[in-house]
There are 2 protein chains.
Amino acid sequence: MSLIEDLNWRHAVKAYDPAKKVSEEDLNKILESARLAPTSSGLQPFRVIVVENQELKEKMVQGALNPEVMRDSSHVLVFAAWDSYSDEKIDKVYDHHTDVRDLPRGRFSSYTDKIKEMYGAQTPEEHFAHTARQTYIALGLAMAQAAELRVDTTPAEGFSNEVVDEILGLGKLGLKSVSLLYIGYRDENNDWLSHMKKVRIPMEEFIIKM
Amino acid sequence: MSLIEDLNWRHAVKAYDPAKKVSEEDLNKILESARLAPTSSGLQPFRVIVVENQELKEKMVQGALNPEVMRDSSHVLVFAAWDSYSDEKIDKVYDHHTDVRDLPRGRFSSYTDKIKEMYGAQTPEEHFAHTARQTYIALGLAMAQAAELRVDTTPAEGFSNEVVDEILGLGKLGLKSVSLLYIGYRDENNDWLSHMKKVRIPMEEFIIKM
């Protein structure tokens, strides 16, 4: 199997079979791919919240575009980004880097000083615009990993961020929801998109060679 | 090979061997993975500009954090997002969808009317914040595809958007640069990161189960 085959196999599923659950083993691989996603300066400025509890899902559907898709999925992954950068957060990540690599703490301080200065000159809104972008790398890799395992996914931005943040208590964690990823197994009979051809714009339009 | 092995293999290469070029076949697979990336409403609101020309690269390094990495890479992929949404752009994508699927044009008009209304109420700045996010899904998949082929990559936000937009004439195309992806083959002797352990925050910190 190759990534291209996996990507051609997948589509944003429009109806899940609520009786089919994603195994712990597959779920862990999907989360691991998200964890391995590269991010700006290696800061991994987001977390993934895994929601399997049906009652929580029922609350989160408030304001969602496709409530039944969320409801019938096996798990909902919430990609939630740091609401801001701070010197402490940056130090914590780099202290971990040096510890794992058996290097003296501060080994990367000329670099971290630079990024602290850069983010120090920005507003929390600018920080979140940046941290939110990073989550999409992990979202893409999680979908690719699920496809490799033939687990279905539906990425979603059509939900109420306020509702999800409130229900999951993300504010206290310094996080804000960015996107959701529903995972599970398609209900072939009700997933209208299953029976349609995958469409992308032609390569000659998508790519510009210079 | 699996995606997780590929992601563990890769890192953001810090020095390329300028003598080694990525083959046309591998380049095309990397671009195809980016083209297959899922995007909000399937609009694919971005393009990938492929820069191989050394003179162009020399101009683009102006203001880049790691000019020698860009300079010595085999190709630079520029992920450039639509500067705004418009009814015409949305119709063009959905006309293509219906044509490819042998459906009457307008088959998805109740949906496209909704997204036109939503974007119609937003500013171009809000549009670009959204189109820019989508590019990161494709950036992630392009890196995964390169890794599958054992082609090295370095994602980069540390460059001058103004310089790149100007040199490539992106404004005229309704595009704005978001990130760069350098691709090529590492120079083992000079890529200091090659010899360091990959570090990510532990799974128990990265994931929050609810």
# chains A, B, ... in the order shown; residues from 1 in each chain; ligands from 1
call {"tool": "interface_residues", "arguments": {"of": "chain A", "to": "chain B", "cutoff": "7 Å", "atoms": "only C-alpha atoms", "output": "PyMOL selection string"}}
result
chain A and resi 3-4+7+33+35-36+47-51+97+101+133+136-137+139-141+145+196-197+199-200+206-210
call {"tool": "select_by_dssp", "arguments": {"residues": "stretch 25-147 of chain B", "states": "strand (DSSP E or B)", "output": "PyMOL selection string"}}
result
chain B and resi 46-51+75-82
call {"tool": "atom_distance", "arguments": {"atom1": "atom CA of B:Gly120", "atom2": "atom CA of B:Ala81"}}
result
17.9 Å
call {"tool": "select_by_dssp", "arguments": {"residues": "stretch 29-68 of chain A", "states": "helix (DSSP H, G or I)", "output": "PyMOL selection string"}}
result
chain A and resi 29-35+40-42+54-60+67-68
call {"tool": "closest_residue", "arguments": {"among": "A:Ala80, A:Ala147, A:Val164, A:Leu65", "to": "B:Tyr111", "atoms": "only C-alpha atoms"}}
result
A:Leu65
call {"tool": "residues_around", "arguments": {"residues": "stretch 181-188 of chain A", "least_positions_apart": "5", "cutoff": "7 Å", "atoms": "only C-alpha atoms", "output": "PyMOL selection string"}}
result
chain A and resi 13+15-17+20-22+70+73-78+151-156+194
call {"tool": "atom_distance", "arguments": {"atom1": "atom CA of A:Val178", "atom2": "atom CA of A:Asp26"}}
result
23.1 Å
call {"tool": "closest_residue", "arguments": {"among": "B:Phe128, B:Phe108, B:Tyr119, B:Trp9", "to": "B:Asp91", "atoms": "only C-alpha atoms"}}
result
B:Phe108
